[in-house]
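Scroll down for the structure; my scribbles are underneath it.
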Amino acid sequence: MIDITSKILSEIESKLSKDKNRKIIIVNNIYINSVNDLKSLNEESVNIINSENLIDVVEWKNNFLKKNNSYNYQKQLIAKLPVLFEKDQYCATEFLNLIKLKQTQINSNERLIKLTRSILNFCEEEELLNNNQLIEIKSKIKNKPIVPDNFVPTDLEIKNSLNKLSLKHRLFYLLFLTSGLRKIEGVYLMNNFNNLKCQEYSDYIKISMNYKRKNKNSYFCYMPKEIYAKLKTIDDKITIMGLEQEIKRKRLIPIKYCRKWFFTKCVELGIPETIADFYEGRVANSVGSNHYLSRQMLGDKYYNKAKNFFENFFNLNRGVNL
């Protein structure tokens with residue numbers, strides 16, 4: 001081993017023994033895991049020694065994939081990793097300097113902002129950065145201002161979109177238009193179609209969803225009988241992703257606006273807003289405070305009115321769009 005002062009060697013050995021998961025970074029960015037790694041060093045390169053946590057991008061990715069996010073959201077953020085990071089591991093100082101260096105680029109892209117904030121939250125949870133570091137670096141990452149999206153498609157725009165879709169994708173589109181489900185809830189419904197409890201009424205079907213994700217819930221899915229009957233015979237090869245791709249390619253009304261159209265149409269038909277909220281899952285978890293059972297009874301009663309409109313508007317009874 002090259003001759004290094006005993007004081008420096010003692011300090012390195014002490015730091016390594018305290019935490020085997022912690023690496024020592026030398027001033028010239030050479031990492032060492034054990035005393036044996038000192039063989040490649042000389043005294044000039046060991047004039048400053050810092051003990052820093054190692055931020056592992058792959059570890060963040062594995063942690064992120066375990067969380068309850070949609071597949072598309074995960075895919076979008078992970079796809080941005082190469083834009084910011086050229087390697088898998090960074091010491092804390094190096095990581096912070098990199099974020100500062102790319103701050104303008106990050107703040108110009110919403111997905112990069114979300115990716116950076118997600119990694120910073122991971123660093124906070126794992127205590128890889130201290131409070132002062134987190135406060136300083138988070139202040140440099142700005143969220144884009146949230147502009148309320150008040151767009152609601154017209155009946156004509158909805159009909160045009162439906163008519164331009166290929167026949168195999170119309171059924172999925174109708175599911176969202178007549179139920180008010182969120183996209184991820186529609187995916188859940190189709191993935192568990194044969195396992196969910198179904199109640200049949202004279203004019204419609206009511207499926208028990210009980211699908212809860214943090215502050216977003218879906219208790220029941222109401223739909224016309226004609227749509228349910230068709231869904232039971234659906235080809236597994238037809239997917240929500242395929243529908244989205246066709247919508248994007250043909251520049252049609254996106255799925256998220258089907259939910260807005262459904263809510264607006266319920267109100268126009270004279271259905272109370274509280275019941276329209278119930279259809280779309282906007283009911284707090286507290287059963288007593290929200291008269292949950294009475295809302296369910298009213299939801300059953302009023303969906304007849306919505307079903308009659310949907311049947312005539314989409315020509316469901318004649319099977320035109322099914």
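Chain labels run A, B, ... following the order of the structure tokens; each chain numbers its residues from 1, and ligands are numbered from 1 in the order shown.
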| request: Would you mind listing what lies within 12 Å of Glu157 of chain A as a VMD selection string, with only C-alpha atoms counted and same-chain residues fewer than 4 positions away left out? | output: chain A and resid 151 to 153 161 to 164 251 to 254 257 to 258 261
| task | as a list in words, list the residues of segment 165-237 of chain A assigned to strand (DSSP E or B) by DSSP on the backbone atoms of this structure. | result | Cys198, Gln199, Glu200, Tyr204, Ile205, Lys206, Ile207, Ser208, Met209, Asn210, Tyr211, Lys212, Arg213, Lys216, Asn217, Ser218, Tyr219, Phe220, Cys221, Tyr222, Met223 and Pro224 of chain A
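By chain and then residue number, the residues within 9 Å of Val187 of chain A are A:Arg182, A:Lys183, A:Asn191, A:Asn192, A:Thr239, A:Ile240, counting only C-alpha atoms and disregarding those fewer than 4 positions away in sequence.
Residue neighbourhood of Asn107 of chain A, excluding near-sequence residues (fewer than 4 positions): Lys102, Gln103, Leu112, Ile113, Lys140, Ile141, Lys142, Asn143 and Lys144 of chain A, at 9 Å, using only C-alpha atoms.
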| message | Taking only segment 78-298 of chain A into account, list the residues labelled alpha helix (DSSP H) by DSSP (computed from the backbone), as a PyMOL selection string. | response | chain A and resi 78+81-84+92-101+103-107+110-125+131-138+155-164+167-179+183-191+225-231+240-250+255-268+273-279+292-298
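The protein and nucleic acid residues lying at most 8 Å from Leu167 of chain A are Leu165, His169, Arg170, Leu171, Asn321 and Leu322 of chain A, with only C-alpha atoms considered and sequence neighbours fewer than 2 positions away removed.
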Print the selection's residues with C-alpha atoms to a file, as an mmCIF file, in the first residue's frame.
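Saved the output as selection.cif:
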```cif
data_model
loop_
_atom_site.group_PDB
_atom_site.id
_atom_site.type_symbol
_atom_site.label_atom_id
_atom_site.label_comp_id
_atom_site.auth_asym_id
_atom_site.auth_seq_id
_atom_site.Cartn_x
_atom_site.Cartn_y
_atom_site.Cartn_z
ATOM 1 C CA LEU A 165 -63.740 4.976 -33.858
ATOM 2 C CA HIS A 169 -63.102 0.178 -29.825
ATOM 3 C CA ARG A 170 -66.540 1.809 -29.641
ATOM 4 C CA LEU A 171 -67.660 -0.495 -26.864
ATOM 5 C CA ASN A 321 -72.614 1.375 -32.054
ATOM 6 C CA LEU A 322 -72.121 -2.022 -30.425
#
```
| request: Would you work out the distance separating atom CA of Lys159 of chain A from atom CA of Thr233 of chain A, expressed in Å to one decimal? | output: 24.0 Å
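For Leu269 of chain A, the residues within 9 Å (counting only C-alpha atoms, excluding itself and residues fewer than 5 positions away along the chain) are Thr264, Lys305, Ala306 and Phe309 of chain A.
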Can you tell me which residues surround segment 197-199 of chain A at a distance of at most 10 Å, considering only C-alpha atoms, apart from same-chain residues fewer than 2 positions away, and format the answer as a short mmCIF file (atom, residue, chain, number, x, y, z; two decimals) with N, CA and C atoms, in the first residue's frame?
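Final output, saved to selection.cif:
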```cif
data_model
loop_
_atom_site.label_atom_id
_atom_site.label_comp_id
_atom_site.auth_asym_id
_atom_site.auth_seq_id
_atom_site.Cartn_x
_atom_site.Cartn_y
_atom_site.Cartn_z
N PHE A 193 -63.55 -8.54 -14.71
CA PHE A 193 -64.95 -8.52 -15.16
C PHE A 193 -65.75 -9.71 -14.63
N ASN A 194 -65.18 -10.89 -14.70
CA ASN A 194 -65.90 -12.10 -14.31
C ASN A 194 -65.88 -12.38 -12.81
N ASN A 195 -65.14 -11.57 -12.06
CA ASN A 195 -65.01 -11.80 -10.62
C ASN A 195 -65.79 -10.80 -9.77
N TYR A 201 -80.87 -5.17 -12.98
CA TYR A 201 -82.15 -4.48 -12.80
C TYR A 201 -82.92 -4.53 -14.11
N TYR A 204 -80.88 -1.80 -16.44
CA TYR A 204 -79.44 -1.56 -16.38
C TYR A 204 -78.74 -2.59 -15.50
N ILE A 205 -77.42 -2.52 -15.49
CA ILE A 205 -76.59 -3.41 -14.70
C ILE A 205 -75.82 -2.58 -13.68
N LYS A 206 -75.65 -3.11 -12.48
CA LYS A 206 -74.89 -2.44 -11.42
C LYS A 206 -73.81 -3.41 -10.91
N ILE A 207 -72.56 -3.01 -11.08
CA ILE A 207 -71.43 -3.86 -10.69
C ILE A 207 -70.76 -3.28 -9.46
N SER A 208 -70.53 -4.12 -8.45
CA SER A 208 -69.84 -3.68 -7.23
C SER A 208 -68.35 -3.63 -7.50
N MET A 209 -67.79 -2.42 -7.49
CA MET A 209 -66.37 -2.23 -7.78
C MET A 209 -65.53 -2.29 -6.50
N PHE A 220 -69.46 1.64 -7.28
CA PHE A 220 -70.29 0.87 -8.20
C PHE A 220 -70.09 1.39 -9.63
N CYS A 221 -70.34 0.51 -10.56
CA CYS A 221 -70.33 0.90 -11.96
C CYS A 221 -71.71 0.58 -12.53
N TYR A 222 -72.43 1.63 -12.96
CA TYR A 222 -73.73 1.45 -13.60
C TYR A 222 -73.53 1.48 -15.11
#
```
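Distances to Leu298 of chain A were evaluated for A:Ile184, A:Leu156, A:Tyr279, A:Ser139 using only C-alpha atoms, and the minimum falls at A:Tyr279.
Comparing A:Phe85, A:Phe172, A:Phe95, A:Trp60 by their smallest distance to Phe122 of chain A, the closest is A:Trp60 (using only C-alpha atoms).
Straight-line separation from atom CA of Glu273 of chain A to atom CA of Tyr302 of chain A: 11.3 Å.
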